[in-house]
>>> print(open('upload.pdb').read())   # PDB, C-alpha atoms
ATOM      1  CA  MET A   1      95.235  90.664 113.823
ATOM      2  CA  LYS A   2      96.889  87.629 115.287
ATOM      3  CA  LYS A   3     100.378  89.054 114.918
ATOM      4  CA  GLY A   4     101.554  92.586 114.322
ATOM      5  CA  TYR A   5     104.977  93.637 113.114
ATOM      6  CA  VAL A   6     107.211  96.684 113.400
ATOM      7  CA  GLN A   7     107.602  98.681 110.192
ATOM      8  CA  VAL A   8     110.122 101.497 109.676
ATOM      9  CA  TYR A   9     110.069 104.097 106.902
ATOM     10  CA  THR A  10     113.276 106.144 107.018
ATOM     11  CA  GLY A  11     115.843 107.826 104.788
ATOM     12  CA  ASP A  12     116.362 111.248 103.240
ATOM     13  CA  GLY A  13     113.775 110.880 100.478
ATOM     14  CA  LYS A  14     110.181 112.062 100.352
ATOM     15  CA  GLY A  15     107.407 109.632 101.213
ATOM     16  CA  LYS A  16     107.883 108.334 104.759
ATOM     17  CA  THR A  17     104.783 109.901 106.254
ATOM     18  CA  THR A  18     102.916 109.307 103.008
ATOM     19  CA  ALA A  19     103.691 105.579 103.226
ATOM     20  CA  ALA A  20     102.452 105.443 106.820
ATOM     21  CA  LEU A  21      99.257 107.317 105.912
ATOM     22  CA  GLY A  22      98.715 104.950 103.007
ATOM     23  CA  GLN A  23      99.074 102.021 105.409
ATOM     24  CA  ALA A  24      96.443 103.602 107.668
ATOM     25  CA  VAL A  25      94.001 104.026 104.774
ATOM     26  CA  ARG A  26      94.584 100.474 103.570
ATOM     27  CA  SER A  27      94.086  99.181 107.106
ATOM     28  CA  ALA A  28      90.845 101.157 107.428
ATOM     29  CA  GLY A  29      89.632  99.579 104.201
ATOM     30  CA  ALA A  30      90.121  96.166 105.791
ATOM     31  CA  GLY A  31      88.182  97.178 108.909
ATOM     32  CA  LEU A  32      91.256  97.755 111.080
ATOM     33  CA  ARG A  33      91.641 100.778 113.347
ATOM     34  CA  THR A  34      94.749 102.985 113.214
ATOM     35  CA  PHE A  35      95.976 105.569 115.720
ATOM     36  CA  ILE A  36      98.512 108.069 114.335
ATOM     37  CA  ILE A  37     100.753 110.068 116.654
ATOM     38  CA  GLN A  38     102.712 112.810 114.923
ATOM     39  CA  LEU A  39     105.801 114.157 116.667
ATOM     40  CA  MET A  40     107.356 117.485 115.665
ATOM     41  CA  LYS A  41     104.200 118.451 113.768
ATOM     42  CA  GLU A  42     101.812 121.119 115.028
ATOM     43  CA  TYR A  43     101.082 122.564 111.617
ATOM     44  CA  PRO A  44      97.604 121.781 110.210
ATOM     45  CA  TYR A  45      98.847 119.316 107.592
ATOM     46  CA  SER A  46      96.315 118.324 104.937
ATOM     47  CA  GLU A  47      96.082 114.741 106.194
ATOM     48  CA  LEU A  48      94.219 116.030 109.256
ATOM     49  CA  VAL A  49      91.347 117.108 107.008
ATOM     50  CA  GLY A  50      91.754 114.272 104.524
ATOM     51  CA  LEU A  51      91.365 111.602 107.188
ATOM     52  CA  GLU A  52      88.227 113.140 108.757
ATOM     53  CA  PRO A  53      85.844 110.915 106.725
ATOM     54  CA  LEU A  54      87.649 107.896 108.203
ATOM     55  CA  ALA A  55      87.524 109.172 111.794
ATOM     56  CA  ASP A  56      85.746 106.031 112.968
ATOM     57  CA  ARG A  57      88.808 103.987 111.901
ATOM     58  CA  ILE A  58      91.714 106.454 111.934
ATOM     59  CA  ALA A  59      92.579 108.831 114.783
ATOM     60  CA  ILE A  60      95.398 111.344 114.619
ATOM     61  CA  GLU A  61      97.039 113.478 117.299
ATOM     62  CA  GLN A  62      99.959 115.904 117.073
ATOM     63  CA  TYR A  63     102.651 116.426 119.715
ATOM     64  CA  GLY A  64     105.137 119.255 119.399
ATOM     65  CA  GLY A  65     106.504 121.472 116.723
ATOM     66  CA  ASP A  66     109.719 121.759 114.760
ATOM     67  CA  ALA A  67     110.372 125.516 114.823
ATOM     68  CA  PHE A  68     113.603 124.924 116.748
ATOM     69  CA  VAL A  69     114.980 123.031 113.734
ATOM     70  CA  TYR A  70     114.498 125.991 111.405
ATOM     71  CA  LYS A  71     115.872 128.394 114.001
ATOM     72  CA  GLY A  72     118.984 126.234 114.394
ATOM     73  CA  GLU A  73     118.407 125.926 118.131
ATOM     74  CA  PRO A  74     118.293 122.913 120.413
ATOM     75  CA  PRO A  75     114.766 121.956 121.457
ATOM     76  CA  GLY A  76     113.470 123.426 124.702
ATOM     77  CA  GLU A  77     112.132 121.505 127.656
ATOM     78  CA  ALA A  78     108.547 122.140 126.567
ATOM     79  CA  GLU A  79     109.169 120.370 123.241
ATOM     80  CA  LYS A  80     110.907 117.482 125.006
ATOM     81  CA  ALA A  81     107.913 117.130 127.338
ATOM     82  CA  LYS A  82     105.539 116.994 124.348
ATOM     83  CA  ALA A  83     107.623 114.245 122.738
ATOM     84  CA  ALA A  84     107.701 112.281 125.996
ATOM     85  CA  ARG A  85     103.911 112.624 126.216
ATOM     86  CA  ALA A  86     103.619 111.303 122.652
ATOM     87  CA  LEU A  87     105.421 108.119 123.658
ATOM     88  CA  GLU A  88     103.284 107.791 126.790
ATOM     89  CA  ARG A  89     100.223 108.150 124.600
ATOM     90  CA  ALA A  90     101.519 105.443 122.249
ATOM     91  CA  VAL A  91     101.882 103.035 125.165
ATOM     92  CA  GLU A  92      98.330 103.874 126.352
ATOM     93  CA  VAL A  93      96.884 103.412 122.879
ATOM     94  CA  MET A  94      98.636 100.088 122.279
ATOM     95  CA  ALA A  95      97.579  98.753 125.689
ATOM     96  CA  SER A  96      93.939  99.775 125.186
ATOM     97  CA  GLY A  97      93.214  96.924 122.796
ATOM     98  CA  GLU A  98      91.136  99.303 120.667
ATOM     99  CA  TRP A  99      93.701  99.881 117.909
ATOM    100  CA  ASP A 100      95.221  97.440 115.419
ATOM    101  CA  VAL A 101      97.849  99.758 113.940
ATOM    102  CA  VAL A 102      99.780 102.530 115.695
ATOM    103  CA  VAL A 103     101.885 105.021 113.736
ATOM    104  CA  LEU A 104     104.633 107.084 115.378
ATOM    105  CA  ASP A 105     105.261 109.649 112.669
ATOM    106  CA  GLU A 106     108.659 111.410 112.820
ATOM    107  CA  VAL A 107     109.717 109.448 115.900
ATOM    108  CA  CYS A 108     113.150 108.749 114.395
ATOM    109  CA  ALA A 109     113.727 112.450 113.724
ATOM    110  CA  ALA A 110     112.650 113.162 117.300
ATOM    111  CA  ILE A 111     115.502 110.929 118.476
ATOM    112  CA  TYR A 112     117.977 112.671 116.179
ATOM    113  CA  PHE A 113     116.967 116.083 117.541
ATOM    114  CA  GLU A 114     117.244 114.764 121.115
ATOM    115  CA  LEU A 115     113.598 115.204 122.028
ATOM    116  CA  ILE A 116     113.589 111.574 123.163
ATOM    117  CA  THR A 117     116.238 108.865 123.336
ATOM    118  CA  THR A 118     116.677 105.637 121.438
ATOM    119  CA  GLY A 119     116.160 103.882 124.766
ATOM    120  CA  ASP A 120     112.796 105.618 125.164
ATOM    121  CA  LEU A 121     111.627 104.231 121.827
ATOM    122  CA  LEU A 122     113.016 100.768 122.542
ATOM    123  CA  THR A 123     110.973 100.747 125.755
ATOM    124  CA  VAL A 124     107.860 101.450 123.668
ATOM    125  CA  LEU A 125     108.810  98.574 121.367
ATOM    126  CA  ASP A 126     109.265  96.292 124.375
ATOM    127  CA  GLY A 127     105.742  97.099 125.553
ATOM    128  CA  ARG A 128     104.050  96.585 122.190
ATOM    129  CA  PRO A 129     101.344  93.928 122.367
ATOM    130  CA  GLU A 130     101.984  91.153 119.848
ATOM    131  CA  THR A 131      98.747  91.916 117.999
ATOM    132  CA  VAL A 132      99.568  95.592 117.306
ATOM    133  CA  GLU A 133     101.257  96.666 114.068
ATOM    134  CA  LEU A 134     103.645  99.526 114.853
ATOM    135  CA  VAL A 135     104.778 101.882 112.089
ATOM    136  CA  LEU A 136     107.715 104.225 112.734
ATOM    137  CA  THR A 137     108.761 107.047 110.420
ATOM    138  CA  GLY A 138     111.445 109.689 110.192
ATOM    139  CA  ARG A 139     114.937 110.348 108.971
ATOM    140  CA  TYR A 140     117.951 109.167 110.931
ATOM    141  CA  CYS A 141     116.491 105.945 112.335
ATOM    142  CA  PRO A 142     118.979 104.537 114.873
ATOM    143  CA  ASP A 143     120.578 101.179 114.119
ATOM    144  CA  GLU A 144     119.174  99.678 117.327
ATOM    145  CA  VAL A 145     115.646 100.390 116.098
ATOM    146  CA  LEU A 146     116.394  99.115 112.583
ATOM    147  CA  GLU A 147     117.644  95.857 114.088
ATOM    148  CA  ARG A 148     114.410  95.381 116.047
ATOM    149  CA  ALA A 149     112.137  96.162 113.087
ATOM    150  CA  ASP A 150     110.522  93.478 110.961
ATOM    151  CA  LEU A 151     110.285  95.667 107.849
ATOM    152  CA  VAL A 152     112.571  98.556 106.933
ATOM    153  CA  THR A 153     112.137 100.729 103.873
ATOM    154  CA  GLU A 154     114.651 103.466 103.183
ATOM    155  CA  MET A 155     113.432 106.360 101.069
ATOM    156  CA  ARG A 156     116.372 107.672  99.068
ATOM    157  CA  GLU A 157     116.343 111.037  97.381
ATOM    158  CA  VAL A 158     117.433 110.761  93.774
ATOM    159  CA  LYS A 159     116.027 114.090  92.644
ATOM    160  CA  HIS A 160     113.797 116.627  94.389
ATOM    161  CA  TYR A 161     112.317 119.939  93.300
ATOM    162  CA  TYR A 162     113.232 121.429  96.695
ATOM    163  CA  ARG A 163     116.713 121.768  95.183
ATOM    164  CA  GLN A 164     115.148 124.259  92.743
ATOM    165  CA  ASP A 165     113.764 126.313  95.660
ATOM    166  CA  VAL A 166     110.236 124.893  95.333
ATOM    167  CA  ARG A 167     108.561 125.264  98.729
ATOM    168  CA  ALA A 168     106.275 122.705 100.345
ATOM    169  CA  ARG A 169     102.971 122.671  98.484
ATOM    170  CA  LYS A 170      99.642 122.295 100.289
ATOM    171  CA  GLY A 171      98.183 118.874  99.586
ATOM    172  CA  ILE A 172     101.468 117.467  98.309
ATOM    173  CA  GLU A 173     104.051 118.063 101.053
ATOM    174  CA  SER A 174     101.880 119.662 103.724
TER     175      SER A 174
END
>>> encode(input="upload.pdb", output="structure tokens")
Amino acid sequence: MKKGYVQVYTGDGKGKTTAALGQAVRSAGAGLRTFIIQLMKEYPYSELVGLEPLADRIAIEQYGGDAFVYKGEPPGEAEKAKAARALERAVEVMASGEWDVVVLDEVCAAIYFELITTGDLLTVLDGRPETVELVLTGRYCPDEVLERADLVTEMREVKHYYRQDVRARKGIES
């Protein structure tokens, strides 16, 4: 690509990660290579298996879990270190010249839960080569990041079956 942009998928509705994964698949179909970094996800989500046939064009790595969220605790230093490593990895991947699209899945939520800072993410944005498309996902995207983005889509929940105590379903939400 001659010029890449910064995309943000945020909001309280379902579909942020799904949109980023769809972008990766579309990019692969056009011969582009995508590197996905998932923060706050150590669970074996179905996309890990689903993307295996596209492994020559889509790579995916996970950094850190989200158990602290469900326990109502602040994240520990180990989780903060994993999130910091995820951002370091993003910088390495973008600088390598091997990848056209880089996805930082749940990076906005990682800021909200104080695993990383807004400044940390802005530093990553500052180092993005002009030819790399950067896709950021997660609830609670800070205004400073929204201002720097070229495309912002806010997913808004209108109705969700979670409200009827339906748990995450394998292949749909996980």
>>> resolve_selection(input="upload.pdb", expression="the PyMOL selection byres ((chain A and resi 77) around 12)", output="number ranges by chain")
A: 64, 68, 74-76, 78-84, 114-116
>>> closest_atom_pairs(input="upload.pdb", of="region 96-117 of chain A", to="region 5-14 of chain A", cutoff="12 Å", atoms="all atoms listed in the file", output="tab-separated table")
residue	atom	partner	partner_atom	distance
A:Asp100	CA	A:Tyr5	CA	10.7
A:Val101	CA	A:Tyr5	CA	9.4
A:Val102	CA	A:Val6	CA	9.7
A:Val103	CA	A:Gln7	CA	9.2
A:Leu104	CA	A:Val8	CA	9.7
A:Asp105	CA	A:Tyr9	CA	9.3
A:Glu106	CA	A:Thr10	CA	9.1
A:Val107	CA	A:Val8	CA	10.1
A:Cys108	CA	A:Thr10	CA	7.8
A:Ala109	CA	A:Thr10	CA	9.2
>>> resolve_selection(input="upload.pdb", expression="the PyMOL selection byres ((chain A and resi 89) around 12)", output="list of chain:residue names")
A:Phe35, A:Ile36, A:Ile37, A:Gln38, A:Leu39, A:Ile60, A:Glu61, A:Gln62, A:Tyr63, A:Lys82, A:Ala83, A:Ala84, A:Arg85, A:Ala86, A:Leu87, A:Glu88, A:Ala90, A:Val91, A:Glu92, A:Val93, A:Met94, A:Ala95, A:Ser96, A:Val102, A:Val103, A:Leu104, A:Val124
>>> atom_distance(input="upload.pdb", atom1="CA of Glu133 (chain A)", atom2="CA of Lys3 (chain A)")
7.7 Å
>>> resolve_selection(input="upload.pdb", expression="the PyMOL selection byres ((chain A and resi 49) around 12)", output="list of chain:residue names")
A:Pro44, A:Tyr45, A:Ser46, A:Glu47, A:Leu48, A:Gly50, A:Leu51, A:Glu52, A:Pro53, A:Leu54, A:Ala55, A:Ile58, A:Ala59, A:Ile60, A:Lys170, A:Gly171, A:Ser174
>>> atom_distance(input="upload.pdb", atom1="CA of Gly127 (chain A)", atom2="CA of Ala149 (chain A)")
14.0 Å
>>> atom_distance(input="upload.pdb", atom1="CA of Cys141 (chain A)", atom2="CA of Ile111 (chain A)")
8.0 Å
>>> closest_residue(input="upload.pdb", among="A:Leu32, A:Ala110, A:Met155, A:Val145", to="Val69 (chain A)", atoms="only C-alpha atoms")
A:Ala110
>>> axis_aligned_box(input="upload.pdb", around="region 125-144 of chain A", padding_each_side="8 Å", output="JSON")
{"center_x": 109.7, "center_y": 100.8, "center_z": 117.3, "size_x": 37.8, "size_y": 35.2, "size_z": 32.6}
>>> decode(input="upload.pdb", residues="region 66-80 of chain A", atoms="all heavy atoms", output="tab-separated table (two decimals), in the first residue's frame")
chain	number	residue	atom	x	y	z
A	66	ASP	N	-7.90	-11.41	30.93
A	66	ASP	CA	-8.83	-10.42	31.48
A	66	ASP	C	-9.51	-10.92	32.75
A	66	ASP	O	-10.52	-10.38	33.17
A	66	ASP	CB	-9.88	-10.03	30.44
A	66	ASP	CG	-10.76	-11.20	30.01
A	66	ASP	OD1	-10.50	-12.35	30.42
A	66	ASP	OD2	-11.71	-10.96	29.25
A	67	ALA	N	-8.93	-11.92	33.40
A	67	ALA	CA	-9.54	-12.47	34.61
A	67	ALA	C	-9.71	-11.41	35.69
A	67	ALA	O	-10.68	-11.43	36.45
A	67	ALA	CB	-8.72	-13.65	35.14
A	68	PHE	N	-8.80	-10.47	35.76
A	68	PHE	CA	-8.89	-9.41	36.77
A	68	PHE	C	-10.17	-8.60	36.63
A	68	PHE	O	-10.71	-8.11	37.61
A	68	PHE	CB	-7.64	-8.50	36.73
A	68	PHE	CG	-7.52	-7.70	35.46
A	68	PHE	CD1	-8.09	-6.44	35.36
A	68	PHE	CD2	-6.81	-8.20	34.38
A	68	PHE	CE1	-7.98	-5.70	34.20
A	68	PHE	CE2	-6.70	-7.46	33.21
A	68	PHE	CZ	-7.29	-6.21	33.12
A	69	VAL	N	-10.66	-8.46	35.40
A	69	VAL	CA	-11.90	-7.71	35.16
A	69	VAL	C	-13.06	-8.41	35.86
A	69	VAL	O	-13.84	-7.79	36.57
A	69	VAL	CB	-12.18	-7.57	33.65
A	69	VAL	CG1	-13.53	-6.89	33.41
A	69	VAL	CG2	-11.07	-6.80	32.96
A	70	TYR	N	-13.17	-9.72	35.65
A	70	TYR	CA	-14.28	-10.48	36.21
A	70	TYR	C	-14.17	-10.62	37.72
A	70	TYR	O	-15.16	-10.76	38.41
A	70	TYR	CB	-14.36	-11.86	35.54
A	70	TYR	CG	-14.59	-11.71	34.06
A	70	TYR	CD1	-13.58	-11.96	33.16
A	70	TYR	CD2	-15.81	-11.26	33.57
A	70	TYR	CE1	-13.78	-11.79	31.80
A	70	TYR	CE2	-16.03	-11.08	32.23
A	70	TYR	CZ	-15.00	-11.35	31.33
A	70	TYR	OH	-15.20	-11.16	30.00
A	71	LYS	N	-12.95	-10.56	38.23
A	71	LYS	CA	-12.73	-10.63	39.68
A	71	LYS	C	-12.93	-9.27	40.34
A	71	LYS	O	-12.93	-9.18	41.56
A	71	LYS	CB	-11.32	-11.14	39.98
A	71	LYS	CG	-11.10	-12.58	39.57
A	71	LYS	CD	-9.66	-12.99	39.83
A	71	LYS	CE	-9.41	-14.42	39.39
A	71	LYS	NZ	-7.99	-14.80	39.55
A	72	GLY	N	-13.06	-8.22	39.54
A	72	GLY	CA	-13.22	-6.88	40.09
A	72	GLY	C	-11.97	-6.36	40.75
A	72	GLY	O	-12.04	-5.56	41.69
A	73	GLU	N	-10.82	-6.79	40.27
A	73	GLU	CA	-9.54	-6.39	40.83
A	73	GLU	C	-8.77	-5.53	39.83
A	73	GLU	O	-8.97	-5.65	38.62
A	73	GLU	CB	-8.69	-7.63	41.13
A	73	GLU	CG	-9.31	-8.62	42.07
A	73	GLU	CD	-8.53	-9.92	42.16
A	73	GLU	OE1	-7.59	-10.12	41.36
A	73	GLU	OE2	-8.86	-10.73	43.02
A	74	PRO	N	-7.86	-4.71	40.32
A	74	PRO	CA	-6.98	-4.02	39.37
A	74	PRO	C	-6.00	-5.03	38.77
A	74	PRO	O	-5.71	-6.06	39.38
A	74	PRO	CB	-6.24	-2.99	40.24
A	74	PRO	CG	-6.38	-3.49	41.63
A	74	PRO	CD	-7.63	-4.31	41.70
A	75	PRO	N	-5.51	-4.76	37.56
A	75	PRO	CA	-4.58	-5.70	36.95
A	75	PRO	C	-3.25	-5.72	37.70
A	75	PRO	O	-2.81	-4.70	38.23
A	75	PRO	CB	-4.39	-5.16	35.54
A	75	PRO	CG	-4.71	-3.70	35.65
A	75	PRO	CD	-5.76	-3.60	36.72
A	76	GLY	N	-2.62	-6.88	37.74
A	76	GLY	CA	-1.32	-7.02	38.38
A	76	GLY	C	-0.20	-6.59	37.46
A	76	GLY	O	-0.40	-6.33	36.26
A	77	GLU	N	0.99	-6.54	38.00
A	77	GLU	CA	2.15	-6.13	37.23
A	77	GLU	C	2.44	-7.08	36.07
A	77	GLU	O	2.90	-6.65	35.01
A	77	GLU	CB	3.38	-5.99	38.14
A	77	GLU	CG	3.27	-4.83	39.12
A	77	GLU	CD	2.99	-3.48	38.44
A	77	GLU	OE1	3.68	-3.15	37.45
A	77	GLU	OE2	2.08	-2.76	38.90
A	78	ALA	N	2.15	-8.36	36.25
A	78	ALA	CA	2.39	-9.32	35.18
A	78	ALA	C	1.51	-9.01	33.97
A	78	ALA	O	1.98	-9.08	32.82
A	78	ALA	CB	2.13	-10.74	35.67
A	79	GLU	N	0.25	-8.65	34.22
A	79	GLU	CA	-0.65	-8.30	33.11
A	79	GLU	C	-0.21	-7.00	32.44
A	79	GLU	O	-0.28	-6.86	31.22
A	79	GLU	CB	-2.09	-8.21	33.58
A	79	GLU	CG	-2.70	-9.55	33.96
A	79	GLU	CD	-2.67	-10.57	32.82
A	79	GLU	OE1	-2.93	-10.21	31.66
A	79	GLU	OE2	-2.38	-11.75	33.10
A	80	LYS	N	0.24	-6.05	33.23
A	80	LYS	CA	0.73	-4.79	32.66
A	80	LYS	C	1.96	-5.04	31.78
A	80	LYS	O	2.11	-4.44	30.72
A	80	LYS	CB	1.06	-3.79	33.77
A	80	LYS	CG	-0.17	-3.27	34.47
A	80	LYS	CD	0.19	-2.28	35.56
A	80	LYS	CE	-1.05	-1.78	36.28
A	80	LYS	NZ	-0.71	-0.78	37.31
